[in-house]
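Asks: Provided herewith: work20.pdb, PDB, C-alpha atoms.
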```pdb
ATOM      1  CA  MET A   1       0.000   0.000   0.000
ATOM      2  CA  THR A   2       1.393   3.405  -0.972
ATOM      3  CA  ASP A   3       2.164   5.773   1.890
ATOM      4  CA  PRO A   4       0.370   9.062   1.022
ATOM      5  CA  THR A   5       2.779  11.050   3.192
ATOM      6  CA  LEU A   6       5.829  10.027   1.142
ATOM      7  CA  PRO A   7       7.102  12.785  -1.188
ATOM      8  CA  SER A   8       6.337  12.220  -4.857
ATOM      9  CA  PRO A   9       9.226  11.554  -7.262
ATOM     10  CA  ALA A  10       8.722  15.048  -8.723
ATOM     11  CA  LEU A  11       8.944  16.614  -5.273
ATOM     12  CA  LEU A  12      12.082  14.670  -4.377
ATOM     13  CA  ALA A  13      13.624  15.679  -7.700
ATOM     14  CA  TRP A  14      12.912  19.335  -6.916
ATOM     15  CA  ALA A  15      14.422  18.959  -3.450
ATOM     16  CA  ALA A  16      17.530  17.243  -4.842
ATOM     17  CA  LYS A  17      18.025  20.024  -7.366
ATOM     18  CA  GLU A  18      17.683  22.725  -4.709
ATOM     19  CA  LEU A  19      20.014  20.934  -2.294
ATOM     20  CA  GLY A  20      22.628  20.139  -4.901
ATOM     21  CA  GLY A  21      22.649  16.378  -4.614
ATOM     22  CA  GLU A  22      20.663  13.195  -4.247
ATOM     23  CA  VAL A  23      18.406  13.018  -1.184
ATOM     24  CA  SER A  24      16.513  10.264   0.582
ATOM     25  CA  ALA A  25      13.339  10.655   2.629
ATOM     26  CA  ALA A  26      13.514   9.455   6.216
ATOM     27  CA  GLU A  27      10.999   9.281   9.062
ATOM     28  CA  ASP A  28       8.209  11.761   9.651
ATOM     29  CA  PRO A  29       9.433  13.859  12.607
ATOM     30  CA  SER A  30       6.220  15.771  13.203
ATOM     31  CA  HIS A  31       3.637  15.022  15.866
ATOM     32  CA  PRO A  32       1.392  12.025  15.102
ATOM     33  CA  ARG A  33      -1.409  12.924  12.717
ATOM     34  CA  ALA A  34      -3.046  11.311   9.741
ATOM     35  CA  ASN A  35      -2.354  14.131   7.270
ATOM     36  CA  SER A  36       1.240  14.918   8.218
ATOM     37  CA  ARG A  37       3.355  16.050   5.271
ATOM     38  CA  VAL A  38       6.729  16.638   6.902
ATOM     39  CA  ARG A  39       9.708  14.460   6.025
ATOM     40  CA  ALA A  40      13.334  14.465   7.044
ATOM     41  CA  LEU A  41      15.649  14.475   4.029
ATOM     42  CA  GLY A  42      19.170  13.119   4.154
ATOM     43  CA  ARG A  43      21.851  14.258   1.732
ATOM     44  CA  ARG A  44      24.857  12.077   0.902
ATOM     45  CA  ASP A  45      27.185  14.344   2.864
ATOM     46  CA  GLY A  46      25.140  13.643   6.005
ATOM     47  CA  VAL A  47      23.491  17.061   6.231
ATOM     48  CA  ARG A  48      19.819  16.816   7.132
ATOM     49  CA  PHE A  49      16.949  19.006   5.948
ATOM     50  CA  TYR A  50      13.172  18.924   6.249
ATOM     51  CA  LEU A  51      10.647  18.902   3.449
ATOM     52  CA  LYS A  52       7.306  20.363   4.481
ATOM     53  CA  VAL A  53       4.267  20.323   2.201
ATOM     54  CA  SER A  54       1.441  22.621   3.279
ATOM     55  CA  PRO A  55      -2.135  21.309   3.028
ATOM     56  CA  LYS A  56      -3.464  24.729   1.942
ATOM     57  CA  PRO A  57      -2.046  27.628  -0.094
ATOM     58  CA  ALA A  58      -2.828  30.082   2.724
ATOM     59  CA  LEU A  59      -0.694  28.131   5.206
ATOM     60  CA  TYR A  60       2.137  27.876   2.688
ATOM     61  CA  GLU A  61       2.005  31.624   2.102
ATOM     62  CA  ARG A  62       1.974  32.430   5.820
ATOM     63  CA  GLU A  63       4.942  30.216   6.617
ATOM     64  CA  THR A  64       6.938  31.372   3.617
ATOM     65  CA  PHE A  65       6.394  34.997   4.593
ATOM     66  CA  ALA A  66       7.334  34.289   8.216
ATOM     67  CA  LEU A  67      10.521  32.432   7.308
ATOM     68  CA  ARG A  68      11.627  35.166   4.943
ATOM     69  CA  HIS A  69      10.694  38.296   6.858
ATOM     70  CA  ALA A  70      10.441  37.627  10.600
ATOM     71  CA  VAL A  71      11.903  34.311  11.725
ATOM     72  CA  PRO A  72      15.521  35.280  10.933
ATOM     73  CA  ALA A  73      15.294  37.728  13.859
ATOM     74  CA  LEU A  74      15.395  34.729  16.230
ATOM     75  CA  GLY A  75      18.993  33.985  15.301
ATOM     76  CA  ALA A  76      20.930  30.991  13.976
ATOM     77  CA  GLY A  77      19.832  27.644  15.356
ATOM     78  CA  ARG A  78      16.748  29.108  17.020
ATOM     79  CA  ALA A  79      14.354  28.327  14.163
ATOM     80  CA  PRO A  80      14.465  26.643  10.746
ATOM     81  CA  GLN A  81      15.955  28.593   7.880
ATOM     82  CA  LEU A  82      14.211  28.572   4.518
ATOM     83  CA  ARG A  83      16.473  26.942   1.933
ATOM     84  CA  ALA A  84      13.938  26.932  -0.911
ATOM     85  CA  SER A  85      10.202  27.075  -1.575
ATOM     86  CA  SER A  86       7.908  25.918  -4.360
ATOM     87  CA  ALA A  87       4.489  27.473  -4.818
ATOM     88  CA  GLU A  88       3.708  24.735  -7.352
ATOM     89  CA  HIS A  89       4.137  21.998  -4.742
ATOM     90  CA  LEU A  90       3.258  24.175  -1.699
ATOM     91  CA  ALA A  91       6.590  22.888  -0.431
ATOM     92  CA  LEU A  92       9.281  24.306   1.836
ATOM     93  CA  LEU A  93      12.843  23.080   2.237
ATOM     94  CA  LEU A  94      14.023  23.855   5.758
ATOM     95  CA  THR A  95      17.275  23.482   7.634
ATOM     96  CA  ALA A  96      17.259  21.155  10.628
ATOM     97  CA  VAL A  97      17.042  22.563  14.152
ATOM     98  CA  SER A  98      18.545  20.789  17.163
ATOM     99  CA  GLY A  99      16.306  19.580  19.944
ATOM    100  CA  ALA A 100      12.902  18.105  20.685
ATOM    101  CA  PRO A 101       9.876  19.163  22.738
ATOM    102  CA  PRO A 102      10.790  18.961  26.451
ATOM    103  CA  THR A 103       7.975  16.454  27.035
ATOM    104  CA  MET A 104       9.628  14.052  24.581
ATOM    105  CA  LEU A 105      12.956  14.434  26.365
ATOM    106  CA  THR A 106      11.487  13.792  29.824
ATOM    107  CA  ALA A 107      13.157  17.070  30.740
ATOM    108  CA  THR A 108      13.722  18.017  34.350
ATOM    109  CA  PRO A 109      11.602  20.853  35.798
ATOM    110  CA  ALA A 110      14.677  23.096  35.660
ATOM    111  CA  GLU A 111      15.195  22.304  31.968
ATOM    112  CA  GLU A 112      11.534  22.975  31.260
ATOM    113  CA  ARG A 113      11.786  26.362  32.953
ATOM    114  CA  ARG A 114      14.877  27.216  30.899
ATOM    115  CA  ALA A 115      13.091  26.157  27.726
ATOM    116  CA  HIS A 116      10.062  28.304  28.520
ATOM    117  CA  ARG A 117      12.178  31.279  29.559
ATOM    118  CA  GLN A 118      14.111  31.134  26.310
ATOM    119  CA  GLY A 119      10.934  30.396  24.371
ATOM    120  CA  GLY A 120       9.385  33.565  25.754
ATOM    121  CA  ALA A 121      12.481  35.588  24.894
ATOM    122  CA  LEU A 122      12.468  34.242  21.328
ATOM    123  CA  LEU A 123       8.791  34.992  20.949
ATOM    124  CA  ALA A 124       9.434  38.584  22.021
ATOM    125  CA  LEU A 125      11.928  38.856  19.159
ATOM    126  CA  LEU A 126       9.415  37.393  16.714
ATOM    127  CA  HIS A 127       6.653  39.702  17.930
ATOM    128  CA  ALA A 128       8.839  42.727  17.255
ATOM    129  CA  ALA A 129      10.113  41.482  13.891
ATOM    130  CA  GLY A 130       7.049  42.097  11.748
ATOM    131  CA  ASP A 131       6.784  45.440   9.987
ATOM    132  CA  LEU A 132       3.417  46.788  11.127
ATOM    133  CA  TRP A 133       2.372  49.187   8.417
ATOM    134  CA  GLY A 134      -0.640  49.713   6.163
ATOM    135  CA  PRO A 135      -2.771  46.584   5.683
ATOM    136  CA  ARG A 136      -0.628  44.593   8.133
ATOM    137  CA  ARG A 137      -1.461  46.973  10.968
ATOM    138  CA  ILE A 138      -5.129  46.883   9.989
ATOM    139  CA  GLU A 139      -5.040  43.079  10.055
ATOM    140  CA  ALA A 140      -3.520  43.145  13.536
ATOM    141  CA  GLU A 141      -5.923  45.785  14.828
ATOM    142  CA  GLN A 142      -8.919  43.794  13.599
ATOM    143  CA  ALA A 143      -7.757  40.429  14.974
ATOM    144  CA  LEU A 144      -9.834  40.500  18.158
ATOM    145  CA  GLN A 145     -12.906  41.651  16.254
ATOM    146  CA  ALA A 146     -12.423  38.732  13.866
ATOM    147  CA  ALA A 147     -12.130  36.341  16.816
ATOM    148  CA  ALA A 148     -15.356  37.699  18.300
ATOM    149  CA  ASP A 149     -17.106  37.412  14.936
ATOM    150  CA  SER A 150     -16.183  33.721  14.756
ATOM    151  CA  ALA A 151     -18.300  32.977  17.830
ATOM    152  CA  ASP A 152     -21.639  32.816  15.965
ATOM    153  CA  LYS A 153     -20.637  29.994  13.627
ATOM    154  CA  LEU A 154     -18.627  28.261  16.310
ATOM    155  CA  LEU A 155     -21.461  28.194  18.817
ATOM    156  CA  ARG A 156     -23.950  26.949  16.217
ATOM    157  CA  GLN A 157     -21.651  24.033  15.465
ATOM    158  CA  ALA A 158     -21.103  23.286  19.160
ATOM    159  CA  ASP A 159     -24.716  23.131  20.327
ATOM    160  CA  ASP A 160     -24.429  19.446  21.216
ATOM    161  CA  VAL A 161     -21.219  19.783  23.255
ATOM    162  CA  LEU A 162     -22.108  22.806  25.395
ATOM    163  CA  THR A 163     -24.618  23.232  28.183
ATOM    164  CA  PRO A 164     -26.865  26.310  28.015
ATOM    165  CA  THR A 165     -24.797  27.872  30.794
ATOM    166  CA  GLU A 166     -21.544  27.259  28.912
ATOM    167  CA  HIS A 167     -23.049  28.571  25.687
ATOM    168  CA  LYS A 168     -24.064  31.780  27.448
ATOM    169  CA  LEU A 169     -20.633  32.159  29.065
ATOM    170  CA  VAL A 170     -18.736  31.721  25.788
ATOM    171  CA  ARG A 171     -21.036  34.210  24.079
ATOM    172  CA  PHE A 172     -20.535  36.733  26.868
ATOM    173  CA  LEU A 173     -16.734  36.400  26.927
ATOM    174  CA  ALA A 174     -16.482  36.540  23.126
ATOM    175  CA  ASP A 175     -18.577  39.695  23.019
ATOM    176  CA  GLN A 176     -16.234  41.297  25.534
ATOM    177  CA  LEU A 177     -13.469  41.166  22.915
ATOM    178  CA  ARG A 178     -15.268  43.856  20.908
ATOM    179  CA  GLY A 179     -15.086  46.587  23.534
ATOM    180  CA  LEU A 180     -11.468  46.329  24.610
ATOM    181  CA  PRO A 181      -9.068  49.255  24.167
ATOM    182  CA  PRO A 182      -6.180  48.906  21.703
ATOM    183  CA  LEU A 183      -3.839  46.113  22.800
ATOM    184  CA  PRO A 184      -0.159  45.494  21.939
ATOM    185  CA  LEU A 185       0.179  44.304  18.355
ATOM    186  CA  ALA A 186       2.699  41.806  17.053
ATOM    187  CA  PHE A 187       3.737  39.366  14.382
ATOM    188  CA  ILE A 188       2.664  36.236  16.225
ATOM    189  CA  HIS A 189       3.771  32.620  15.887
ATOM    190  CA  GLY A 190       0.131  31.579  15.762
ATOM    191  CA  ASP A 191       0.701  28.042  17.068
ATOM    192  CA  ALA A 192       2.892  28.563  20.141
ATOM    193  CA  ARG A 193       2.366  25.258  21.875
ATOM    194  CA  PRO A 194       4.657  22.710  23.593
ATOM    195  CA  ARG A 195       5.214  20.534  20.531
ATOM    196  CA  ASN A 196       6.571  23.502  18.561
ATOM    197  CA  LEU A 197       8.997  24.578  21.289
ATOM    198  CA  LEU A 198      12.218  22.574  21.035
ATOM    199  CA  TRP A 199      14.898  22.144  23.673
ATOM    200  CA  SER A 200      18.460  21.022  22.971
ATOM    201  CA  ARG A 201      20.209  19.562  26.002
ATOM    202  CA  GLN A 202      23.513  19.519  24.164
ATOM    203  CA  LEU A 203      23.344  23.219  23.285
ATOM    204  CA  GLY A 204      21.289  24.346  26.258
ATOM    205  CA  GLN A 205      19.015  26.361  24.020
ATOM    206  CA  ALA A 206      15.422  26.538  22.839
ATOM    207  CA  ALA A 207      14.061  26.946  19.322
ATOM    208  CA  TRP A 208      10.695  27.390  17.602
ATOM    209  CA  ILE A 209       9.284  25.487  14.635
ATOM    210  CA  GLY A 210       5.889  25.402  12.876
ATOM    211  CA  PHE A 211       5.210  28.901  11.550
ATOM    212  CA  GLU A 212       2.332  28.093   9.181
ATOM    213  CA  ARG A 213      -0.159  30.035  11.302
ATOM    214  CA  SER A 214       2.013  33.117  11.801
ATOM    215  CA  ARG A 215       0.254  36.414  11.189
ATOM    216  CA  PHE A 216      -0.203  39.997  12.350
ATOM    217  CA  ALA A 217      -2.494  40.065  15.390
ATOM    218  CA  THR A 218      -2.592  41.072  19.040
ATOM    219  CA  ALA A 219       0.325  39.681  21.041
ATOM    220  CA  VAL A 220      -1.976  38.035  23.598
ATOM    221  CA  GLN A 221      -3.281  35.641  20.945
ATOM    222  CA  ASP A 222       0.048  33.834  21.109
ATOM    223  CA  PHE A 223      -0.451  32.887  24.761
ATOM    224  CA  VAL A 224      -3.820  31.125  24.573
ATOM    225  CA  VAL A 225      -2.721  27.516  24.012
ATOM    226  CA  MET A 226      -0.051  27.532  26.712
ATOM    227  CA  SER A 227      -2.414  29.261  29.159
ATOM    228  CA  CYS A 228      -5.138  26.675  28.561
ATOM    229  CA  GLY A 229      -2.708  23.780  28.579
ATOM    230  CA  ILE A 230       0.578  23.230  30.325
ATOM    231  CA  TRP A 231       0.599  26.481  32.319
ATOM    232  CA  ALA A 232      -2.619  25.514  34.102
ATOM    233  CA  ASP A 233      -0.633  22.947  36.091
ATOM    234  CA  ARG A 234       2.757  24.615  35.899
ATOM    235  CA  PRO A 235       2.625  28.276  36.963
ATOM    236  CA  ASP A 236       6.408  28.129  37.251
ATOM    237  CA  LEU A 237       6.622  27.678  33.482
ATOM    238  CA  ARG A 238       4.331  30.638  32.916
ATOM    239  CA  ALA A 239       6.484  32.773  35.208
ATOM    240  CA  ALA A 240       9.650  31.682  33.395
ATOM    241  CA  TRP A 241       8.040  32.409  30.021
ATOM    242  CA  PHE A 242       7.087  35.983  30.827
ATOM    243  CA  GLN A 243      10.425  36.581  32.521
ATOM    244  CA  GLY A 244      12.004  35.755  29.176
ATOM    245  CA  TYR A 245       9.359  37.674  27.252
ATOM    246  CA  GLY A 246      10.246  40.797  29.188
ATOM    247  CA  ARG A 247       6.838  41.734  30.539
ATOM    248  CA  ASP A 248       3.650  40.201  31.889
ATOM    249  CA  LEU A 249       0.196  40.705  30.403
ATOM    250  CA  VAL A 250      -1.493  44.030  31.066
ATOM    251  CA  PRO A 251      -5.011  43.827  32.624
ATOM    252  CA  GLU A 252      -6.723  44.369  29.273
ATOM    253  CA  GLU A 253      -4.760  41.448  27.802
ATOM    254  CA  GLN A 254      -5.761  39.262  30.739
ATOM    255  CA  HIS A 255      -9.376  40.121  29.978
ATOM    256  CA  ALA A 256      -8.919  39.346  26.292
ATOM    257  CA  LEU A 257      -7.268  36.053  27.170
ATOM    258  CA  LYS A 258     -10.454  34.829  28.838
ATOM    259  CA  GLY A 259     -12.508  35.461  25.705
ATOM    260  CA  LEU A 260      -9.915  33.878  23.448
ATOM    261  CA  ALA A 261      -9.624  30.899  25.793
ATOM    262  CA  ALA A 262     -13.390  30.376  25.729
ATOM    263  CA  LEU A 263     -13.377  30.231  21.924
ATOM    264  CA  ASP A 264     -10.349  27.936  21.944
ATOM    265  CA  ALA A 265     -12.133  25.625  24.381
ATOM    266  CA  VAL A 266     -15.110  25.238  22.035
ATOM    267  CA  ARG A 267     -12.830  24.476  19.094
ATOM    268  CA  CYS A 268     -11.027  21.848  21.162
ATOM    269  CA  LEU A 269     -14.289  20.194  22.183
ATOM    270  CA  MET A 270     -15.260  19.844  18.523
ATOM    271  CA  ARG A 271     -11.815  18.964  17.197
ATOM    272  CA  GLY A 272     -11.168  16.259  19.765
ATOM    273  CA  PRO A 273     -13.807  13.760  18.582
ATOM    274  CA  ALA A 274     -13.475  14.763  14.928
ATOM    275  CA  HIS A 275      -9.724  14.079  14.866
ATOM    276  CA  ASP A 276      -9.525  11.359  17.516
ATOM    277  CA  ASP A 277      -7.659  13.743  19.786
ATOM    278  CA  PRO A 278      -8.796  13.174  23.369
ATOM    279  CA  ALA A 279      -6.108  15.526  24.693
ATOM    280  CA  ALA A 280      -7.648  18.444  22.782
ATOM    281  CA  ALA A 281     -11.133  17.594  24.046
ATOM    282  CA  ALA A 282      -9.829  17.351  27.607
ATOM    283  CA  ARG A 283      -8.134  20.735  27.297
ATOM    284  CA  GLY A 284     -11.333  22.314  26.054
ATOM    285  CA  ARG A 285     -13.437  20.795  28.819
ATOM    286  CA  ARG A 286     -10.966  21.838  31.502
ATOM    287  CA  THR A 287     -10.763  25.399  30.185
ATOM    288  CA  LEU A 288     -14.543  25.767  30.207
ATOM    289  CA  ASP A 289     -14.733  24.336  33.721
ATOM    290  CA  ARG A 290     -12.118  26.817  34.937
ATOM    291  CA  LEU A 291     -13.860  29.754  33.266
ATOM    292  CA  THR A 292     -17.229  28.664  34.648
ATOM    293  CA  THR A 293     -15.869  28.591  38.201
ATOM    294  CA  GLY A 294     -14.189  31.961  37.778
ATOM    295  CA  VAL A 295     -10.616  30.678  37.725
ATOM    296  CA  LEU A 296      -8.455  32.923  35.587
ATOM    297  CA  VAL A 297      -6.822  31.178  32.654
TER     298      VAL A 297
END
```
So, in terms of structure tokens, how does the structure I just supplied come out?
Replies:
Amino acid sequence: MTDPTLPSPALLAWAAKELGGEVSAAEDPSHPRANSRVRALGRRDGVRFYLKVSPKPALYERETFALRHAVPALGAGRAPQLRASSAEHLALLLTAVSGAPPTMLTATPAEERRAHRQGGALLALLHAAGDLWGPRRIEAEQALQAAADSADKLLRQADDVLTPTEHKLVRFLADQLRGLPPLPLAFIHGDARPRNLLWSRQLGQAAWIGFERSRFATAVQDFVVMSCGIWADRPDLRAAWFQGYGRDLVPEEQHALKGLAALDAVRCLMRGPAHDDPAAAARGRRTLDRLTTGVLV
């Protein structure tokens, strides 16, 4: 049976041409998922690269833009470098980055704190790297409004997974996003979660991968997944993160975070069963429970 995640001969030929020599496809290094299109490529000289094929043109365009215009601000070894891209194949050739998610390394608590502190510092660099002008600033300024606008469709789809009380709470918190004062804007990672934060024990340094959801938005939108996930049990990691980031959230961002977390929770509750992802469903349920009882995210 043919493996649909294996690169096609035409794609491998393109990669070989761009890398200046024959390449072979190795294991899929990305997190387990049915539609993964990331492959490690080995060149004869032993240098390793990654071939990433985006499932949608929009994701390809976002990641290509990020890798060209913002990610270099993180510094060498702190994120993949773009070696080549193909709009025809929606493909990216990326340099390898040392490390793995701390959870895969069974990292010590001290290592996890170092990873999150450095991860926060790197994210601060990324947030400042985007050139906020013209339509990019408008996109960022309208990001919270767009999030609030998504609530109608989201809540219609989630009728069977929410209680009336939860439905009312999510609606209320989403509506609150519309009346907030201007918040700090940034070029955000868009998918800042544990699996995209790498830690290298050998180098003692963190790195970020997975920039396909990068965009201009409010900075607080980059803290939703961590706040609803690992930080709920590990406030020490949150403290380390914002120490590295250089500042904590202002009160208005804390308020926005609750609305964004409520919307994220609903998405997780729907995505979990649809994609056989019980961890996502559990995160969504826990977030809603915490919001319902008045616990800050």
Asks: Of the candidates A:Pro184, A:Pro164, A:Pro101, A:Gly284, which one gets nearest to A:Arg201 if we count all atoms listed in the file?
Replies: A:Pro101
Asks: Using all atoms listed in the file, which of A:Thr287, A:Ser200, A:Gln145, A:Gln118 sits nearest A:Ala232?
Replies: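 That would be A:Thr287, the residue with the smallest distance to A:Ala232.
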Asks: Got a sec: who's within 8 Å of stretch 79-84 of chain A, counting only C-alpha atoms, leaving out chain neighbours fewer than 3 positions off, as a list in words?
Replies: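 Contacts, in chain order: Glu18, Thr64, Leu67, Arg68, Val71, Pro72, Leu74, Gly75, Ala76, Leu92, Leu93, Leu94, Thr95, Ala96, Val97, Ala207, Trp208 and Ile209 of chain A.
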Asks: Skip A:Tyr60 itself and residues of its chain fewer than 6 positions away, then list as a short mmCIF file (atom, residue, chain, number, x, y, z; two decimals) with C-alpha atoms, in the frame of the given file all residues within 10 Å of it, counting only C-alpha atoms.
Replies:
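Saved as result10.cif:
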```
data_model
loop_
_atom_site.label_atom_id
_atom_site.label_comp_id
_atom_site.auth_asym_id
_atom_site.auth_seq_id
_atom_site.Cartn_x
_atom_site.Cartn_y
_atom_site.Cartn_z
CA LYS A 52 7.31 20.36 4.48
CA VAL A 53 4.27 20.32 2.20
CA SER A 54 1.44 22.62 3.28
CA ALA A 66 7.33 34.29 8.22
CA SER A 85 10.20 27.08 -1.58
CA SER A 86 7.91 25.92 -4.36
CA ALA A 87 4.49 27.47 -4.82
CA HIS A 89 4.14 22.00 -4.74
CA LEU A 90 3.26 24.18 -1.70
CA ALA A 91 6.59 22.89 -0.43
CA LEU A 92 9.28 24.31 1.84
CA PHE A 211 5.21 28.90 11.55
CA GLU A 212 2.33 28.09 9.18
CA ARG A 213 -0.16 30.04 11.30
#
```
Asks: Kindly indicate which residue among A:Ala280, A:Leu132, A:Ala240, A:Leu263 lies nearest to A:His167, using all atoms listed in the file for the distances.
Replies: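 Under the stated criterion, the closest residue is A:Leu263.
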Asks: Using all atoms listed in the file, which residues sit within 12 Å of A:Trp231 once same-chain residues fewer than 5 positions away are excluded, as a list in words?
Replies: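 Skipping anything fewer than 5 positions along the chain leaves Glu112, Arg113, His116, Arg193, Pro194, Phe223, Val224, Val225, Met226, Asp236, Leu237, Arg238, Ala239, Ala240, Trp241, Phe242, Arg283, Thr287, Leu296 and Val297 of chain A.
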Asks: Considering all atoms listed in the file, return as JSON, numbers by chain whatever protein or nucleic-acid residues lie within 9 Å of stretch 169-179 of chain A, sequence-local ones (same chain, fewer than 2 positions apart) excluded.
Replies: {"A": [144, 145, 147, 148, 149, 150, 151, 152, 155, 164, 165, 166, 167, 181, 255, 256, 258, 259, 260, 262, 263, 266, 288, 291, 292]}
Asks: The PyMOL selection byres ((chain A and resi 100) around 6) on the file shown: which residues, as an mmCIF file with C-alpha atoms, in the coordinates of the input?
Replies:
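See selection_16.cif below for the written result:
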```cif
data_model
loop_
_atom_site.group_PDB
_atom_site.id
_atom_site.type_symbol
_atom_site.label_atom_id
_atom_site.label_comp_id
_atom_site.auth_asym_id
_atom_site.auth_seq_id
_atom_site.Cartn_x
_atom_site.Cartn_y
_atom_site.Cartn_z
ATOM 1 C CA GLY A 99 16.306 19.580 19.944
ATOM 2 C CA PRO A 101 9.876 19.163 22.738
ATOM 3 C CA LEU A 198 12.218 22.574 21.035
ATOM 4 C CA TRP A 199 14.898 22.144 23.673
#
```
Asks: For A:Glu63, which residue among A:Thr293, A:Thr163, A:Ser214, A:Ser98 is the nearest when counting only C-alpha atoms?
Replies: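 Closest to A:Glu63, using only C-alpha atoms: A:Ser214.
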Asks: Do you have the atom CA of A:Trp14-atom CA of A:Leu51 distance handy?
Replies: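 Going from atom CA of A:Trp14 over to atom CA of A:Leu51 covers 10.6 Å.
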Asks: Box in all listed atoms of stretch 40-53 of chain A, axis-aligned, with 5 Å more on each side; write out centre and edge lengths in Å to one decimal as lines of an AutoDock Vina configuration file.
Replies:
```
center_x = 15.7
center_y = 16.2
center_z = 4.0
size_x = 32.9
size_y = 18.3
size_z = 16.2
```
Asks: Please fill the gaps in stretch 188-201 of chain A so it has N, CA, C and O atoms, and write that as a tab-separated table (two decimals), in the coordinates of the input.
Replies:
```
chain	number	residue	atom	x	y	z
A	188	ILE	N	2.71	37.36	15.30
A	188	ILE	CA	2.66	36.24	16.23
A	188	ILE	C	3.03	34.91	15.55
A	188	ILE	O	2.92	34.76	14.33
A	189	HIS	N	3.47	33.97	16.37
A	189	HIS	CA	3.77	32.62	15.89
A	189	HIS	C	2.50	31.95	15.40
A	189	HIS	O	2.49	31.29	14.36
A	190	GLY	N	1.42	32.10	16.17
A	190	GLY	CA	0.13	31.58	15.76
A	190	GLY	C	-0.15	30.16	16.21
A	190	GLY	O	-1.31	29.73	16.22
A	191	ASP	N	0.88	29.41	16.60
A	191	ASP	CA	0.70	28.04	17.07
A	191	ASP	C	1.75	27.75	18.14
A	191	ASP	O	2.43	26.72	18.10
A	192	ALA	N	1.88	28.67	19.08
A	192	ALA	CA	2.89	28.56	20.14
A	192	ALA	C	2.41	27.57	21.19
A	192	ALA	O	1.71	27.92	22.13
A	193	ARG	N	2.78	26.33	21.00
A	193	ARG	CA	2.37	25.26	21.88
A	193	ARG	C	3.57	24.36	22.17
A	193	ARG	O	4.60	24.45	21.48
A	194	PRO	N	3.49	23.49	23.19
A	194	PRO	CA	4.66	22.71	23.59
A	194	PRO	C	5.34	21.92	22.48
A	194	PRO	O	6.56	21.83	22.45
A	195	ARG	N	4.57	21.36	21.55
A	195	ARG	CA	5.21	20.53	20.53
A	195	ARG	C	6.04	21.35	19.54
A	195	ARG	O	6.88	20.80	18.83
A	196	ASN	N	5.80	22.66	19.47
A	196	ASN	CA	6.57	23.50	18.56
A	196	ASN	C	7.73	24.22	19.24
A	196	ASN	O	8.47	24.94	18.57
A	197	LEU	N	7.87	24.02	20.54
A	197	LEU	CA	9.00	24.58	21.29
A	197	LEU	C	10.01	23.47	21.51
A	197	LEU	O	9.73	22.48	22.20
A	198	LEU	N	11.19	23.60	20.92
A	198	LEU	CA	12.22	22.57	21.04
A	198	LEU	C	13.24	22.96	22.08
A	198	LEU	O	13.51	24.14	22.32
A	199	TRP	N	13.83	21.93	22.70
A	199	TRP	CA	14.90	22.14	23.67
A	199	TRP	C	16.06	21.21	23.35
A	199	TRP	O	15.88	20.00	23.17
A	200	SER	N	17.25	21.79	23.23
A	200	SER	CA	18.46	21.02	22.97
A	200	SER	C	19.28	20.94	24.25
A	200	SER	O	19.79	21.95	24.72
A	201	ARG	N	19.39	19.74	24.81
A	201	ARG	CA	20.21	19.56	26.00
A	201	ARG	C	21.68	19.82	25.69
A	201	ARG	O	22.40	20.42	26.48
```
